[in-house]
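Novice: The following block contains the structure, expressed as structure tokens.
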Amino acid sequence: MTVTSEERVLDAILAWCMETCKTLSWTSVDKLLSTSTPEQLFGERLTAIDTLLPFVRFPLMQLSILQRMERSNLANCIQAFRQLVAEAIEFSHVGQWITTSYECQRFHYRPSSYKELQYISDGDNNGVIYYAGTSFGKHQWMNPVLAKNITVMASSPSSRYTDPKALVSKKLPGDLYCWALY
């Protein structure tokens with residue numbers, strides 16, 4: 001799973017605890033808590049909130065969002081939420097100076113499932129074509145056009161210079177030159 005925002009993790013936990021398939025935000029749940037009790041909203045899954053909330057990495061959220069959360073109905077009604085938000089606000093003030101005190105995972109960024117690919121030169125082992133040609137780093141290089149991992153089309157008429165297999169091969173023909181776009 002790729003986490004784009006810790007708020008989305010919180011939203012997913014709250015939606016699951018409410019037993020709804022609807023996409024909810026923590027702010028909409030907060031509004032519902034102004035007219036309902038946590039027991040009414042979460043039912044039997046209320047106890048799961050205390051278990052699941054620590055998986056949200058509150059310290060990685062923006063301070064302005066944490067301050068809104070601190071004043072929310074969620075913080076007033078759910079002690080675990082209030083404590084985690086308070087901890088995150090404290091971390092935002094002193095965490096950068098006291099890194100050894102915060103060894104818990106929720107103070108660290110999640111490992112990314114994205115791979116950064118940086119082109120350096122034609123035929124190198126850094127770019128998208130090489131990554132596709134090695135089955136995303138799992139196997140030895142094989143032309144990704146031949147392996148049917150990618151499709152390449154040229155806008156120019158067919159010739160040895162526009163052959164898709166040749167364009168992505170690791171051995172470029174000596175008389176093949178690159179076009180620059182201006």
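Chains: A, B, ... in order of the structure tokens. Residues: from 1 per chain. Ligands: from 1, in order shown.
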With only C-alpha atoms as the counted atoms, please give the residues lying no more than 7 Å from Asp30 of chain A, apart from itself and same-chain residues fewer than 5 positions off, as a PyMOL selection string.
Specialist: chain A and resi 72-74
Novice: Could you list, as a list in words, every residue within 12 Å of segment 64-67 of chain A, counting only C-alpha atoms and ignoring same-chain residues fewer than 3 positions away?
Specialist: Glu6, Glu7, Trp26, Thr27, Arg57, Phe58, Pro59, Leu60, Met61, Glu70, Arg71, Ser72, Leu74, Ala75, Phe81, Arg82, Gln83, Leu84, Val85, Ala86, Glu87, Ala88, Ile89, Glu90, Phe91, Ser92 and His93 of chain A
Novice: Those residues you just picked out, can you put them in a file as an mmCIF file, in the first residue's frame with N, CA and C atoms?
Specialist:
data_model
loop_
_atom_site.group_PDB
_atom_site.id
_atom_site.type_symbol
_atom_site.label_atom_id
_atom_site.label_comp_id
_atom_site.auth_asym_id
_atom_site.auth_seq_id
_atom_site.Cartn_x
_atom_site.Cartn_y
_atom_site.Cartn_z
ATOM 1 N N GLU A 6 -0.920 10.941 5.736
ATOM 2 C CA GLU A 6 -1.325 10.320 7.002
ATOM 3 C C GLU A 6 -2.787 10.623 7.313
ATOM 4 N N GLU A 7 -3.291 11.728 6.784
ATOM 5 C CA GLU A 7 -4.724 12.012 6.949
ATOM 6 C C GLU A 7 -5.568 10.935 6.296
ATOM 7 N N TRP A 26 -11.683 12.950 8.183
ATOM 8 C CA TRP A 26 -11.769 13.080 9.638
ATOM 9 C C TRP A 26 -12.623 14.287 10.017
ATOM 10 N N THR A 27 -12.633 15.316 9.150
ATOM 11 C CA THR A 27 -13.431 16.505 9.451
ATOM 12 C C THR A 27 -14.933 16.200 9.388
ATOM 13 N N ARG A 57 0.575 8.169 11.570
ATOM 14 C CA ARG A 57 1.803 8.879 11.934
ATOM 15 C C ARG A 57 1.508 10.375 12.047
ATOM 16 N N PHE A 58 0.819 10.697 13.130
ATOM 17 C CA PHE A 58 0.424 12.081 13.394
ATOM 18 C C PHE A 58 1.605 13.053 13.354
ATOM 19 N N PRO A 59 2.785 12.688 13.888
ATOM 20 C CA PRO A 59 3.899 13.651 13.882
ATOM 21 C C PRO A 59 4.335 14.095 12.487
ATOM 22 N N LEU A 60 3.915 13.374 11.457
ATOM 23 C CA LEU A 60 4.297 13.748 10.098
ATOM 24 C C LEU A 60 3.307 14.718 9.458
ATOM 25 N N MET A 61 2.232 15.012 10.162
ATOM 26 C CA MET A 61 1.230 15.946 9.641
ATOM 27 C C MET A 61 1.669 17.385 9.890
ATOM 28 N N GLU A 70 -6.526 19.151 17.485
ATOM 29 C CA GLU A 70 -6.474 19.357 18.930
ATOM 30 C C GLU A 70 -7.765 19.998 19.438
ATOM 31 N N ARG A 71 -8.382 20.858 18.634
ATOM 32 C CA ARG A 71 -9.616 21.554 19.020
ATOM 33 C C ARG A 71 -10.880 20.815 18.576
ATOM 34 N N SER A 72 -10.726 19.630 18.019
ATOM 35 C CA SER A 72 -11.856 18.916 17.410
ATOM 36 C C SER A 72 -12.698 18.132 18.413
ATOM 37 N N LEU A 74 -13.332 15.067 17.912
ATOM 38 C CA LEU A 74 -12.630 13.788 18.021
ATOM 39 C C LEU A 74 -11.689 13.794 19.221
ATOM 40 N N ALA A 75 -10.960 14.887 19.404
ATOM 41 C CA ALA A 75 -10.041 15.002 20.540
ATOM 42 C C ALA A 75 -10.803 15.067 21.856
ATOM 43 N N PHE A 81 -7.006 9.559 20.593
ATOM 44 C CA PHE A 81 -6.824 10.568 19.552
ATOM 45 C C PHE A 81 -6.197 11.825 20.155
ATOM 46 N N ARG A 82 -6.760 12.269 21.272
ATOM 47 C CA ARG A 82 -6.268 13.481 21.950
ATOM 48 C C ARG A 82 -4.796 13.315 22.335
ATOM 49 N N GLN A 83 -4.433 12.158 22.890
ATOM 50 C CA GLN A 83 -3.054 11.923 23.323
ATOM 51 C C GLN A 83 -2.087 11.885 22.144
ATOM 52 N N LEU A 84 -2.474 11.219 21.059
ATOM 53 C CA LEU A 84 -1.596 11.120 19.889
ATOM 54 C C LEU A 84 -1.396 12.474 19.218
ATOM 55 N N VAL A 85 -2.446 13.271 19.172
ATOM 56 C CA VAL A 85 -2.328 14.611 18.585
ATOM 57 C C VAL A 85 -1.442 15.487 19.461
ATOM 58 N N ALA A 86 -1.625 15.421 20.772
ATOM 59 C CA ALA A 86 -0.790 16.206 21.691
ATOM 60 C C ALA A 86 0.679 15.796 21.566
ATOM 61 N N GLU A 87 0.923 14.503 21.458
ATOM 62 C CA GLU A 87 2.288 14.001 21.278
ATOM 63 C C GLU A 87 2.895 14.535 19.982
ATOM 64 N N ALA A 88 2.101 14.556 18.917
ATOM 65 C CA ALA A 88 2.580 15.032 17.618
ATOM 66 C C ALA A 88 2.881 16.533 17.652
ATOM 67 N N ILE A 89 2.049 17.291 18.351
ATOM 68 C CA ILE A 89 2.288 18.734 18.467
ATOM 69 C C ILE A 89 3.572 18.984 19.252
ATOM 70 N N GLU A 90 3.764 18.231 20.319
ATOM 71 C CA GLU A 90 5.008 18.360 21.090
ATOM 72 C C GLU A 90 6.211 18.021 20.207
ATOM 73 N N PHE A 91 6.082 16.961 19.423
ATOM 74 C CA PHE A 91 7.166 16.551 18.534
ATOM 75 C C PHE A 91 7.468 17.647 17.513
ATOM 76 N N SER A 92 6.436 18.308 17.016
ATOM 77 C CA SER A 92 6.664 19.362 16.015
ATOM 78 C C SER A 92 7.453 20.524 16.605
ATOM 79 N N HIS A 93 7.349 20.710 17.909
ATOM 80 C CA HIS A 93 8.082 21.801 18.558
ATOM 81 C C HIS A 93 9.506 21.413 18.940
#
Novice: Neighbours of segment 143-150 of chain A within 8 Å (only C-alpha atoms; same-chain residues fewer than 2 positions away dropped), as an mmCIF file with N, CA, C and O atoms, in the first residue's frame?
Specialist:
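As written to disk, part_16.cif reads:
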data_model
loop_
_atom_site.group_PDB
_atom_site.id
_atom_site.type_symbol
_atom_site.label_atom_id
_atom_site.label_comp_id
_atom_site.auth_asym_id
_atom_site.auth_seq_id
_atom_site.Cartn_x
_atom_site.Cartn_y
_atom_site.Cartn_z
ATOM 1 N N ILE A 129 13.694 2.914 -18.985
ATOM 2 C CA ILE A 129 13.822 1.802 -19.936
ATOM 3 C C ILE A 129 14.628 0.660 -19.309
ATOM 4 O O ILE A 129 14.253 -0.509 -19.406
ATOM 5 N N ALA A 132 12.430 -1.073 -16.706
ATOM 6 C CA ALA A 132 11.448 -1.953 -17.341
ATOM 7 C C ALA A 132 12.131 -3.176 -17.946
ATOM 8 O O ALA A 132 11.586 -4.278 -17.927
ATOM 9 N N GLY A 133 13.334 -3.011 -18.470
ATOM 10 C CA GLY A 133 14.067 -4.110 -19.086
ATOM 11 C C GLY A 133 14.619 -5.123 -18.102
ATOM 12 O O GLY A 133 14.985 -6.232 -18.471
ATOM 13 N N THR A 134 14.680 -4.768 -16.844
ATOM 14 C CA THR A 134 15.131 -5.702 -15.804
ATOM 15 C C THR A 134 13.955 -6.180 -14.956
ATOM 16 O O THR A 134 14.141 -6.660 -13.842
ATOM 17 N N SER A 135 12.739 -6.060 -15.493
ATOM 18 C CA SER A 135 11.522 -6.416 -14.757
ATOM 19 C C SER A 135 11.520 -5.747 -13.390
ATOM 20 O O SER A 135 11.354 -6.378 -12.361
ATOM 21 N N TRP A 141 18.946 -7.700 -17.663
ATOM 22 C CA TRP A 141 18.389 -6.889 -18.739
ATOM 23 C C TRP A 141 17.895 -7.743 -19.900
ATOM 24 O O TRP A 141 18.557 -8.686 -20.333
ATOM 25 N N VAL A 152 6.761 0.987 -27.810
ATOM 26 C CA VAL A 152 7.401 2.200 -28.300
ATOM 27 C C VAL A 152 6.928 2.442 -29.717
ATOM 28 O O VAL A 152 6.909 1.515 -30.536
ATOM 29 N N PRO A 164 11.411 0.270 -32.931
ATOM 30 C CA PRO A 164 11.229 0.306 -31.474
ATOM 31 C C PRO A 164 12.256 -0.529 -30.713
ATOM 32 O O PRO A 164 12.738 -0.110 -29.665
ATOM 33 N N LYS A 165 12.593 -1.699 -31.229
ATOM 34 C CA LYS A 165 13.574 -2.553 -30.545
ATOM 35 C C LYS A 165 14.937 -1.877 -30.473
ATOM 36 O O LYS A 165 15.633 -1.955 -29.471
ATOM 37 N N VAL A 168 15.293 1.246 -27.860
ATOM 38 C CA VAL A 168 15.452 0.978 -26.427
ATOM 39 C C VAL A 168 16.561 -0.033 -26.129
ATOM 40 O O VAL A 168 16.769 -0.385 -24.977
ATOM 41 N N SER A 169 17.276 -0.468 -27.156
ATOM 42 C CA SER A 169 18.339 -1.440 -26.905
ATOM 43 C C SER A 169 19.493 -0.783 -26.181
ATOM 44 O O SER A 169 19.659 0.436 -26.199
ATOM 45 N N LYS A 170 20.290 -1.598 -25.520
ATOM 46 C CA LYS A 170 21.458 -1.055 -24.807
ATOM 47 C C LYS A 170 22.595 -0.751 -25.772
ATOM 48 O O LYS A 170 23.516 -0.030 -25.436
#
Novice: Can you measure atom CA of Gln40 of chain A to atom CA of Glu19 of chain A for me? One decimal in Å is fine.
Specialist: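 Answer for the atom CA of Gln40 of chain A to atom CA of Glu19 of chain A separation: 11.7 Å.
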Novice: Which residue gives the smallest distance to Cys17 of chain A among A:Tyr131, A:Tyr161, A:Phe42, A:Phe136, with only C-alpha atoms counted?
Specialist: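 Smallest distance to Cys17 of chain A is found for A:Phe42.
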Novice: Apply DSSP to the backbone of this structure and, from segment 10-182 of chain A, keep only the residues in helix (DSSP H, G or I); write these as an NGL selection string.
Specialist: :A and (10-17 or 26-32 or 38-55 or 58-60 or 63-70 or 73-77 or 79-94 or 99-101 or 105-107 or 128-133 or 164-167)
Novice: Tell me which protein, DNA and RNA residues are within 7 Å of Leu117 of chain A, counting only C-alpha atoms, leaving out same-chain ones fewer than 4 positions away, and put them as a list in words.
Specialist: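 Neighbouring residues, sequence-local ones excluded: Asn126, Gly127 and Val128 of chain A.
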Novice: Which distance in Å separates atom CA of Ser36 of chain A and atom CA of Cys77 of chain A, to one decimal?
Specialist: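 Going from atom CA of Ser36 of chain A over to atom CA of Cys77 of chain A covers 10.4 Å.
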Novice: Restricting the calculation to only C-alpha atoms: of A:Thr35, A:Gln118, A:Thr51, A:Ser155, which residue gets closest to Leu14 of chain A?
Specialist: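 Selected residue with least distance to Leu14 of chain A: A:Thr51.
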Novice: Please measure the separation of atom CA of Ala12 of chain A and atom CA of Gln79 of chain A, giving the value in Å to one decimal.
Specialist: 18.8 Å
